[in-house]
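Student: I'd like to ask some things about the structure below.
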Amino acid sequence: MDIRNLKFFSAIADTGGVSSAARHLNTVQSNVTARLKDLERELGVELFYRTGKGMVLTSAGEILRSYAWRLERLGEEARQAMRDFAGEGGLIRIGAMETTAAIRLPPVLKSLQQEQPKLEVRVTAGPTETLLYELLAYRLDGAFVAGEQTHKELVGEKVFAERLVLVRPAGREVSQGSDAPEQLIVFRRGCSYRARSEEWLRDQGQLPFRVMEFGTLDGILGCVAAGLGVTLLPEVVISTSRFVGDLKVEALPKRLSELPTYFVRRKDTAPKHSLDAFLAAVRKTKTSPVPKRAVG
């Protein structure tokens with residue numbers, strides 16, 4: 001099978017038509033059409049339904065797309081492996097929870113840049129559930145997630161021992177058993193810290209409870225500082241926040257407070273020098289104290 005024909009096939013599947021695939025590949029439509037016909041003739045099946053609104057994958061096309069996608073991924077892995085071998089740095093794609101990206105990653109990246117100045121690191125922030133999905137789909141090389149993961153396709157290593165605390169506005173007591181439920185200020189669903197926050201509220205008998213979602217750490221802490229609600233976050237996040245003077249923390253039961261951060265990656269990916277170098281930087285910096293922000 002001609003691998004180049006698979007590239008044209010994938011472009012049609014991704015863009016939904018011959019003309020859009022031609023633009024994507026910077027070639028003419030007749031070339032795309034000829035490549036697709038060659039592939040269909042070779043395989044003896046139709047790969048697309050031709051409709052007035054574009055090209056739609058047939059059942060055979062859906063099956064081939066999964067193989068084509070895997071071949072593309074392996075080709076990219078091979079290129080990155082050769083860049084690693086040639087000492088050209090390479091590229092790694094790392095996922096991280098918002099809190100980890102804000103507090104834990106900067107010293108890691110600083111150390112890595114000193115050791116591997118040619119290495120490119122792309123960081124994607126998101127909740128644990130989303131990061132695991134992206135990792136399993138091969139769109140990340142590794143990810144920092146909350147808690148130990150038992151998925152059969154993943155391997156993990158505990159890297160940060162976070163302690164969750166209840167965060168509330170300074171000068172206001174938490175409503176214990178009040179008829180008026182606390183408003184929970186959290187990241188979107190899929191966040192492990194949000195799940196712990198909801199568990200804490202259930203323990204307080206505050207059902208139903210109100211939720212306000214934010215996409216940034218500063219947004220959450222700013223709203224808590226303004227008296228709009230409470231949240232649960234790693235203690236280290238509070239000590240480094242610009243809102244620290246307007247926040248008060250409260251200890252939680254051990255079963256709620258302990259939620260270590262793990263670095264996970266797929267078991268089936270080829271060894272990667274650049275990823276090993278990144279993990280070495282994580283291990284080197286994970287015991288370093290995080291500087292606290294001065295209050296004043």
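The way I read the labels, and the way they are meant: chains A, B, ... in the order of the structure tokens, residue 1 as the first residue of every chain, and ligand 1 as the first ligand shown, with later ones counted on from there.
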Within 12 Å of region 104-117 of chain A, which residues of region 143-252 of chain A show up? Give each one with its shortest atom-to-atom distance in Å (one decimal) and the two atoms involved, counting only C-alpha atoms, rows by chain then rising residue number, as CSV.

Tutor:
```
residue,atom,partner,partner_atom,distance
A:Ala143,CA,A:Leu105,CA,11.5
A:Phe144,CA,A:Leu105,CA,9.8
A:Val159,CA,A:Arg104,CA,10.1
A:Phe160,CA,A:Arg104,CA,8.5
A:Ala161,CA,A:Arg104,CA,11.3
A:Glu162,CA,A:Arg104,CA,10.7
A:Pro234,CA,A:Arg104,CA,11.3
A:Val236,CA,A:Arg104,CA,9.4
A:Val237,CA,A:Arg104,CA,9.6
A:Thr240,CA,A:Arg104,CA,11.1
```

Student: Write a file of the just-selected residues containing N, CA, C and O atoms, as a PDB file, in the first residue's frame.

Tutor:
```pdb
ATOM      1  N   ALA A 143       1.233  13.233  31.206  1.00  0.00           N
ATOM      2  CA  ALA A 143       0.350  14.200  31.847  1.00  0.00           C
ATOM      3  C   ALA A 143       0.455  14.121  33.366  1.00  0.00           C
ATOM      4  O   ALA A 143       0.640  13.039  33.936  1.00  0.00           O
ATOM      5  N   PHE A 144       0.320  15.287  34.001  1.00  0.00           N
ATOM      6  CA  PHE A 144       0.229  15.383  35.451  1.00  0.00           C
ATOM      7  C   PHE A 144      -1.256  15.323  35.826  1.00  0.00           C
ATOM      8  O   PHE A 144      -2.025  16.191  35.419  1.00  0.00           O
ATOM      9  N   VAL A 159       4.644  12.076  41.833  1.00  0.00           N
ATOM     10  CA  VAL A 159       5.660  13.123  41.750  1.00  0.00           C
ATOM     11  C   VAL A 159       5.484  14.243  42.769  1.00  0.00           C
ATOM     12  O   VAL A 159       6.464  14.834  43.221  1.00  0.00           O
ATOM     13  N   PHE A 160       4.249  14.584  43.138  1.00  0.00           N
ATOM     14  CA  PHE A 160       4.027  15.662  44.102  1.00  0.00           C
ATOM     15  C   PHE A 160       2.997  15.211  45.143  1.00  0.00           C
ATOM     16  O   PHE A 160       1.932  14.709  44.793  1.00  0.00           O
ATOM     17  N   ALA A 161       3.311  15.413  46.403  1.00  0.00           N
ATOM     18  CA  ALA A 161       2.409  15.033  47.492  1.00  0.00           C
ATOM     19  C   ALA A 161       1.604  16.248  47.919  1.00  0.00           C
ATOM     20  O   ALA A 161       1.966  16.970  48.845  1.00  0.00           O
ATOM     21  N   GLU A 162       0.496  16.496  47.229  1.00  0.00           N
ATOM     22  CA  GLU A 162      -0.323  17.670  47.515  1.00  0.00           C
ATOM     23  C   GLU A 162      -1.261  17.418  48.702  1.00  0.00           C
ATOM     24  O   GLU A 162      -1.746  16.308  48.909  1.00  0.00           O
ATOM     25  N   PRO A 234      -4.949  22.589  46.439  1.00  0.00           N
ATOM     26  CA  PRO A 234      -3.711  22.275  47.147  1.00  0.00           C
ATOM     27  C   PRO A 234      -3.235  23.469  47.978  1.00  0.00           C
ATOM     28  O   PRO A 234      -3.305  24.615  47.542  1.00  0.00           O
ATOM     29  N   VAL A 236      -0.345  24.527  48.653  1.00  0.00           N
ATOM     30  CA  VAL A 236       0.749  25.296  48.064  1.00  0.00           C
ATOM     31  C   VAL A 236       0.237  26.384  47.133  1.00  0.00           C
ATOM     32  O   VAL A 236       0.872  27.436  46.966  1.00  0.00           O
ATOM     33  N   VAL A 237      -0.923  26.157  46.527  1.00  0.00           N
ATOM     34  CA  VAL A 237      -1.512  27.152  45.631  1.00  0.00           C
ATOM     35  C   VAL A 237      -1.879  28.417  46.393  1.00  0.00           C
ATOM     36  O   VAL A 237      -1.710  29.531  45.904  1.00  0.00           O
ATOM     37  N   THR A 240       1.106  30.786  47.452  1.00  0.00           N
ATOM     38  CA  THR A 240       1.765  31.522  46.372  1.00  0.00           C
ATOM     39  C   THR A 240       0.812  32.468  45.639  1.00  0.00           C
ATOM     40  O   THR A 240       1.214  33.131  44.693  1.00  0.00           O
TER      41      THR A 240
END
```

Student: Please list as a list in words every residue within 9 Å of Leu256 (chain A), counting only C-alpha atoms and excluding residues in the same chain fewer than 4 positions away.

Tutor: Arg163, Leu164, Val165, Arg196, Ser197, Glu199, Trp200 and Leu252 of chain A

Student: Write the residues of the preceding selection, restricted to N, CA and C atoms, as a compact mmCIF listing (two decimals), in the first residue's frame.

Tutor:
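Generated file (result-v2.txt):
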```txt
# COMPACT_ATOMS: atom_id res chain seq x y z
N ARG A 163 -1.51 18.48 49.46
CA ARG A 163 -2.48 18.42 50.57
C ARG A 163 -3.58 19.42 50.29
N LEU A 164 -4.78 18.93 50.11
CA LEU A 164 -5.91 19.82 49.83
C LEU A 164 -6.40 20.48 51.12
N VAL A 165 -6.80 21.74 50.99
CA VAL A 165 -7.37 22.49 52.11
C VAL A 165 -8.65 23.17 51.65
N ARG A 196 -13.61 16.31 44.87
CA ARG A 196 -13.38 16.31 46.32
C ARG A 196 -14.20 17.41 46.99
N SER A 197 -14.32 18.56 46.33
CA SER A 197 -15.10 19.67 46.88
C SER A 197 -16.56 19.27 47.04
N GLU A 199 -17.67 16.25 47.35
CA GLU A 199 -17.74 15.24 48.41
C GLU A 199 -17.76 15.92 49.78
N TRP A 200 -16.94 16.98 49.93
CA TRP A 200 -16.92 17.71 51.21
C TRP A 200 -18.29 18.32 51.51
N LEU A 252 -8.68 19.64 56.30
CA LEU A 252 -9.71 18.68 55.95
C LEU A 252 -9.36 17.31 56.51
```

Student: DSSP on the backbone: which residues in region 112-147 of chain A end up as helix (DSSP H, G or I)? Give the answer as a list in words.

Tutor: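 The helix (DSSP H, G or I) subset of region 112-147 of chain A is Leu112, Gln113, Gln114, Glu115, Thr128, Glu129, Thr130, Leu131, Leu132, Tyr133, Glu134, Leu135 and Leu136 of chain A.
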
Student: Considering only C-alpha atoms, state which residue in the set A:Glu98, A:Glu72, A:Glu129, A:Asp38 is at the smallest distance from Ile220 (chain A).

Tutor: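 Closest residue, counting only C-alpha atoms: A:Glu98.
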
Student: Could you name the residues that touch region 10-27 of chain A at 9 Å or less, counting only C-alpha atoms, but leaving out those on the same chain fewer than 3 positions away, as an MDAnalysis selection string?

Tutor: chainID A and resid 5:7 30:33 36 48 50 53:57 61 65 68:69

Student: Quick one, how far is CA of Val28 (chain A) from CA of Phe8 (chain A)?

Tutor: 11.5 Å

Student: Which value, in Å to one decimal, gives the distance between CA of Glu62 (chain A) and CA of Thr269 (chain A)?

Tutor: 23.6 Å

Student: Let me make sure I understand: among A:Glu153, A:Ala125, A:Phe187, A:Met1, which one has the smallest atom-to-atom distance to Gly219 (chain A) if we use only C-alpha atoms?

Tutor: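 Of A:Glu153, A:Ala125, A:Phe187, A:Met1, the one nearest Gly219 (chain A), counting only C-alpha atoms, is A:Phe187.
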
Student: Which residues are close to Ala146 (chain A), i.e. within 7 Å by only C-alpha atoms, leaving aside same-chain residues fewer than 4 positions away? Reply as a list in words.

Tutor: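 Selected residues are Thr128, Ser192, Leu259, Pro260, Thr261 and Tyr262 of chain A.
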
Student: Please provide as JSON, numbers by chain all residues within 9 Å of Leu39 (chain A), with the sequence filter that same-chain residues fewer than 2 positions apart are discarded (counting only C-alpha atoms).

Tutor: {"A": [1, 2, 5, 6, 9, 34, 35, 36, 37, 41, 42, 43, 44, 45, 47]}

Student: Could the residues in this selection be saved with N, CA and C atoms as a PDB file, in the first residue's frame?

Tutor:
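To be explicit, this is the file written out as result_27.pdb:
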```pdb
ATOM      1  N   MET A   1       0.845  -1.199   0.000  1.00  0.00           N
ATOM      2  CA  MET A   1       0.000   0.000   0.000  1.00  0.00           C
ATOM      3  C   MET A   1       0.884   1.254   0.000  1.00  0.00           C
ATOM      4  N   ASP A   2       0.564   2.203  -0.850  1.00  0.00           N
ATOM      5  CA  ASP A   2       1.321   3.448  -0.950  1.00  0.00           C
ATOM      6  C   ASP A   2       0.944   4.359   0.222  1.00  0.00           C
ATOM      7  N   ASN A   5      -0.748   7.649  -0.553  1.00  0.00           N
ATOM      8  CA  ASN A   5      -2.187   7.620  -0.812  1.00  0.00           C
ATOM      9  C   ASN A   5      -2.984   7.716   0.486  1.00  0.00           C
ATOM     10  N   LEU A   6      -2.459   7.120   1.562  1.00  0.00           N
ATOM     11  CA  LEU A   6      -3.116   7.213   2.867  1.00  0.00           C
ATOM     12  C   LEU A   6      -3.143   8.651   3.370  1.00  0.00           C
ATOM     13  N   PHE A   9      -5.977  10.238   1.595  1.00  0.00           N
ATOM     14  CA  PHE A   9      -7.217   9.702   2.160  1.00  0.00           C
ATOM     15  C   PHE A   9      -7.538  10.376   3.500  1.00  0.00           C
ATOM     16  N   ALA A  34      -7.330  11.315  -8.011  1.00  0.00           N
ATOM     17  CA  ALA A  34      -6.582  10.186  -8.580  1.00  0.00           C
ATOM     18  C   ALA A  34      -5.994   9.310  -7.483  1.00  0.00           C
ATOM     19  N   ARG A  35      -5.472   9.934  -6.437  1.00  0.00           N
ATOM     20  CA  ARG A  35      -4.899   9.183  -5.320  1.00  0.00           C
ATOM     21  C   ARG A  35      -5.968   8.345  -4.624  1.00  0.00           C
ATOM     22  N   LEU A  36      -7.147   8.925  -4.426  1.00  0.00           N
ATOM     23  CA  LEU A  36      -8.223   8.199  -3.761  1.00  0.00           C
ATOM     24  C   LEU A  36      -8.677   7.017  -4.612  1.00  0.00           C
ATOM     25  N   LYS A  37      -8.821   7.221  -5.927  1.00  0.00           N
ATOM     26  CA  LYS A  37      -9.240   6.139  -6.815  1.00  0.00           C
ATOM     27  C   LYS A  37      -8.211   5.008  -6.811  1.00  0.00           C
ATOM     28  N   ARG A  41      -9.106   1.286  -5.616  1.00  0.00           N
ATOM     29  CA  ARG A  41      -8.879   0.191  -6.579  1.00  0.00           C
ATOM     30  C   ARG A  41      -7.978  -0.873  -5.953  1.00  0.00           C
ATOM     31  N   GLU A  42      -6.940  -0.425  -5.248  1.00  0.00           N
ATOM     32  CA  GLU A  42      -6.000  -1.358  -4.621  1.00  0.00           C
ATOM     33  C   GLU A  42      -6.677  -2.188  -3.530  1.00  0.00           C
ATOM     34  N   LEU A  43      -7.555  -1.557  -2.745  1.00  0.00           N
ATOM     35  CA  LEU A  43      -8.192  -2.247  -1.624  1.00  0.00           C
ATOM     36  C   LEU A  43      -9.473  -2.971  -2.030  1.00  0.00           C
ATOM     37  N   GLY A  44     -10.058  -2.573  -3.159  1.00  0.00           N
ATOM     38  CA  GLY A  44     -11.263  -3.224  -3.643  1.00  0.00           C
ATOM     39  C   GLY A  44     -12.530  -2.837  -2.889  1.00  0.00           C
ATOM     40  N   VAL A  45     -12.522  -1.668  -2.266  1.00  0.00           N
ATOM     41  CA  VAL A  45     -13.696  -1.191  -1.519  1.00  0.00           C
ATOM     42  C   VAL A  45     -13.867   0.304  -1.754  1.00  0.00           C
ATOM     43  N   LEU A  47     -14.344   3.858  -0.096  1.00  0.00           N
ATOM     44  CA  LEU A  47     -13.959   4.425   1.196  1.00  0.00           C
ATOM     45  C   LEU A  47     -14.830   5.609   1.602  1.00  0.00           C
TER      46      LEU A  47
END
```

Student: What separation in Å, quoted to one decimal, exists between CA of Arg194 (chain A) and CA of Leu233 (chain A)?

Tutor: 8.7 Å

Student: Looking only at strand (DSSP E or B) from DSSP on the backbone, list the matching residues of region 117-218 of chain A as a PyMOL selection string.

Tutor: chain A and resi 120-125+142-146+154-160+163-169+183-186+210-213
